[in-house]
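Everything below concerns the one structure shown next.
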Amino acid sequence: MSREVLLCIAVFAACAVEGVEAVTIVLAAGLTRGWRSAWIGVGAALATLAALVAALGPALTTLPIGALRLLVGALLLVFGLQWLRKAILRASGLRALHDEDAIFAREVDALREGERRGSGIDAVGFTVSFKGVLLEGLEVALIVVSFGESQHAVGIAVLAALAAILLVAAAGAAVRAPLARVPENTLKYGVGVMLTSFGTFWGAEGAGAHWPGSDISIVGLIALVFVTSLAMVASLRRRHARQSLDAATREAASGA
């Protein structure tokens, strides 16, 4: 599998995850505070993102390729390890699964607390949509720029991101409900594995290391990170089961 194909898969999956979270927030704001304010917030956030990318994106091209890959590797490891850690905890039962229905319900309850006034732009709906799209969009922009610039494949990364965002947005517009059927926990697990693998690969290359087999090492890294994470999930599950059993035993003993 070529590096470009792996890049597309990683960018598409990462952007789809961020898109699901952004769409959930915007749907909650639109349904409870009015669509006009929500869409204006979305537009303002996209304009802000475009300005930030236009201002900061070209600065990456001035870095030497080694320094760029070291920087990109560090950024991807920050994202990847964070997502992978949460995914391992969720898979082992030590953390609740990510539930878009529950998130949607919490957003709706919070938004309904404030009463709308007048027929103009609703400040709450605007702010919630703006912040949600801006924060999730910044993560998308960082992932796209990092992947694209480090591999001189900005066009491929942008197309993969656009495809993911358009697909998620279309699904959200069609059902007007949280995208709870999207296997987001599985997606986050896979994205965490891929970002951690790419970050390790590019970070080591930027530091001067040479991988055996060049690009094919990425596949080996993905397999290694995945198998290691599964071993951690199994270990944590066993420890969690022992702790639960010990707690139940102590409770039974104290009750007797």
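Ordering of the structure tokens sets the chain letters (A, B, ...); residue numbers start at 1 within each chain; ligands are numbered from 1 in the order shown.
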Hey, what's within 12 Å of stretch 119-133 of chain A if we count only C-alpha atoms and toss same-chain stuff fewer than 2 positions away? As a ChimeraX atom specification, please? /A:18-49,107-108,110-117,135-141,165,169
I want to know what sits within 12 Å of A:Lys86, based on only C-alpha atoms, with residues of the same chain fewer than 3 positions away left out; could you give that as a PDB file with N, CA and C atoms, in the first residue's frame?
```pdb
ATOM      1  N   PHE A  79      -1.515  14.404  18.755  1.00  0.00           N
ATOM      2  CA  PHE A  79      -2.887  14.011  18.449  1.00  0.00           C
ATOM      3  C   PHE A  79      -3.075  12.506  18.585  1.00  0.00           C
ATOM      4  N   GLY A  80      -2.175  11.742  17.951  1.00  0.00           N
ATOM      5  CA  GLY A  80      -2.331  10.303  17.883  1.00  0.00           C
ATOM      6  C   GLY A  80      -2.308   9.620  19.235  1.00  0.00           C
ATOM      7  N   LEU A  81      -1.341   9.980  20.077  1.00  0.00           N
ATOM      8  CA  LEU A  81      -1.241   9.343  21.389  1.00  0.00           C
ATOM      9  C   LEU A  81      -2.427   9.707  22.279  1.00  0.00           C
ATOM     10  N   GLN A  82      -2.910  10.943  22.126  1.00  0.00           N
ATOM     11  CA  GLN A  82      -4.078  11.357  22.914  1.00  0.00           C
ATOM     12  C   GLN A  82      -5.307  10.539  22.512  1.00  0.00           C
ATOM     13  N   TRP A  83      -5.553  10.416  21.203  1.00  0.00           N
ATOM     14  CA  TRP A  83      -6.703   9.648  20.724  1.00  0.00           C
ATOM     15  C   TRP A  83      -6.550   8.173  21.044  1.00  0.00           C
ATOM     16  N   LEU A  89      -8.539   3.071  26.633  1.00  0.00           N
ATOM     17  CA  LEU A  89      -9.318   3.096  27.876  1.00  0.00           C
ATOM     18  C   LEU A  89     -10.778   2.737  27.611  1.00  0.00           C
ATOM     19  N   ARG A  90     -11.331   3.228  26.491  1.00  0.00           N
ATOM     20  CA  ARG A  90     -12.722   2.897  26.160  1.00  0.00           C
ATOM     21  C   ARG A  90     -12.860   1.413  25.828  1.00  0.00           C
ATOM     22  N   ALA A  91     -11.925   0.890  25.035  1.00  0.00           N
ATOM     23  CA  ALA A  91     -12.007  -0.516  24.632  1.00  0.00           C
ATOM     24  C   ALA A  91     -11.829  -1.451  25.826  1.00  0.00           C
ATOM     25  N   SER A  92     -11.094  -1.018  26.838  1.00  0.00           N
ATOM     26  CA  SER A  92     -10.860  -1.867  28.012  1.00  0.00           C
ATOM     27  C   SER A  92     -11.943  -1.717  29.067  1.00  0.00           C
ATOM     28  N   GLY A  93     -12.885  -0.792  28.853  1.00  0.00           N
ATOM     29  CA  GLY A  93     -13.982  -0.605  29.793  1.00  0.00           C
ATOM     30  C   GLY A  93     -13.684   0.347  30.925  1.00  0.00           C
ATOM     31  N   LEU A  94     -12.508   1.007  30.903  1.00  0.00           N
ATOM     32  CA  LEU A  94     -12.149   1.937  31.967  1.00  0.00           C
ATOM     33  C   LEU A  94     -12.666   3.346  31.705  1.00  0.00           C
ATOM     34  N   ARG A  95     -13.199   3.557  30.523  1.00  0.00           N
ATOM     35  CA  ARG A  95     -13.756   4.868  30.167  1.00  0.00           C
ATOM     36  C   ARG A  95     -15.008   4.633  29.339  1.00  0.00           C
ATOM     37  N   ALA A  96     -16.009   5.474  29.541  1.00  0.00           N
ATOM     38  CA  ALA A  96     -17.273   5.318  28.809  1.00  0.00           C
ATOM     39  C   ALA A  96     -17.057   5.520  27.315  1.00  0.00           C
ATOM     40  N   LEU A  97     -17.786   4.762  26.501  1.00  0.00           N
ATOM     41  CA  LEU A  97     -17.711   4.929  25.056  1.00  0.00           C
ATOM     42  C   LEU A  97     -18.234   6.298  24.654  1.00  0.00           C
ATOM     43  N   HIS A  98     -17.672   6.828  23.563  1.00  0.00           N
ATOM     44  CA  HIS A  98     -18.115   8.122  23.042  1.00  0.00           C
ATOM     45  C   HIS A  98     -19.516   7.958  22.469  1.00  0.00           C
ATOM     46  N   ASN A 185     -16.139   5.383  17.864  1.00  0.00           N
ATOM     47  CA  ASN A 185     -15.130   4.815  18.761  1.00  0.00           C
ATOM     48  C   ASN A 185     -14.108   3.992  17.978  1.00  0.00           C
ATOM     49  N   THR A 186     -14.608   3.213  17.011  1.00  0.00           N
ATOM     50  CA  THR A 186     -13.703   2.435  16.166  1.00  0.00           C
ATOM     51  C   THR A 186     -12.853   3.346  15.298  1.00  0.00           C
ATOM     52  N   LYS A 188     -11.938   6.442  15.931  1.00  0.00           N
ATOM     53  CA  LYS A 188     -10.927   7.100  16.752  1.00  0.00           C
ATOM     54  C   LYS A 188      -9.787   6.153  17.100  1.00  0.00           C
ATOM     55  N   TYR A 189     -10.114   4.893  17.321  1.00  0.00           N
ATOM     56  CA  TYR A 189      -9.080   3.898  17.583  1.00  0.00           C
ATOM     57  C   TYR A 189      -8.145   3.800  16.370  1.00  0.00           C
ATOM     58  N   GLY A 190      -8.745   3.635  15.187  1.00  0.00           N
ATOM     59  CA  GLY A 190      -7.943   3.513  13.973  1.00  0.00           C
ATOM     60  C   GLY A 190      -7.128   4.765  13.678  1.00  0.00           C
ATOM     61  N   VAL A 191      -7.748   5.929  13.857  1.00  0.00           N
ATOM     62  CA  VAL A 191      -7.033   7.186  13.616  1.00  0.00           C
ATOM     63  C   VAL A 191      -5.885   7.342  14.606  1.00  0.00           C
ATOM     64  N   GLY A 192      -6.125   6.984  15.863  1.00  0.00           N
ATOM     65  CA  GLY A 192      -5.055   7.064  16.856  1.00  0.00           C
ATOM     66  C   GLY A 192      -3.872   6.200  16.475  1.00  0.00           C
ATOM     67  N   VAL A 193      -4.153   4.979  15.997  1.00  0.00           N
ATOM     68  CA  VAL A 193      -3.085   4.074  15.561  1.00  0.00           C
ATOM     69  C   VAL A 193      -2.317   4.679  14.382  1.00  0.00           C
ATOM     70  N   SER A 229      -1.332  -1.937  21.142  1.00  0.00           N
ATOM     71  CA  SER A 229      -2.520  -1.358  21.772  1.00  0.00           C
ATOM     72  C   SER A 229      -3.511  -2.448  22.177  1.00  0.00           C
ATOM     73  N   VAL A 233      -5.022  -3.215  25.850  1.00  0.00           N
ATOM     74  CA  VAL A 233      -6.459  -3.361  26.129  1.00  0.00           C
ATOM     75  C   VAL A 233      -6.721  -4.644  26.909  1.00  0.00           C
TER      76      VAL A 233
END
```
Atom CA of A:Leu221 sits from atom CA of A:Leu159 at a separation of 25.1 Å
In Å, with one decimal, what is the gap from atom CA of A:Val168 to atom CA of A:Val154? 21.2 Å
In Å, how far is it from atom CA of A:Val145 to atom CA of A:Leu224?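 About the pair atom CA of A:Val145 and atom CA of A:Leu224: they are 25.8 Å apart.
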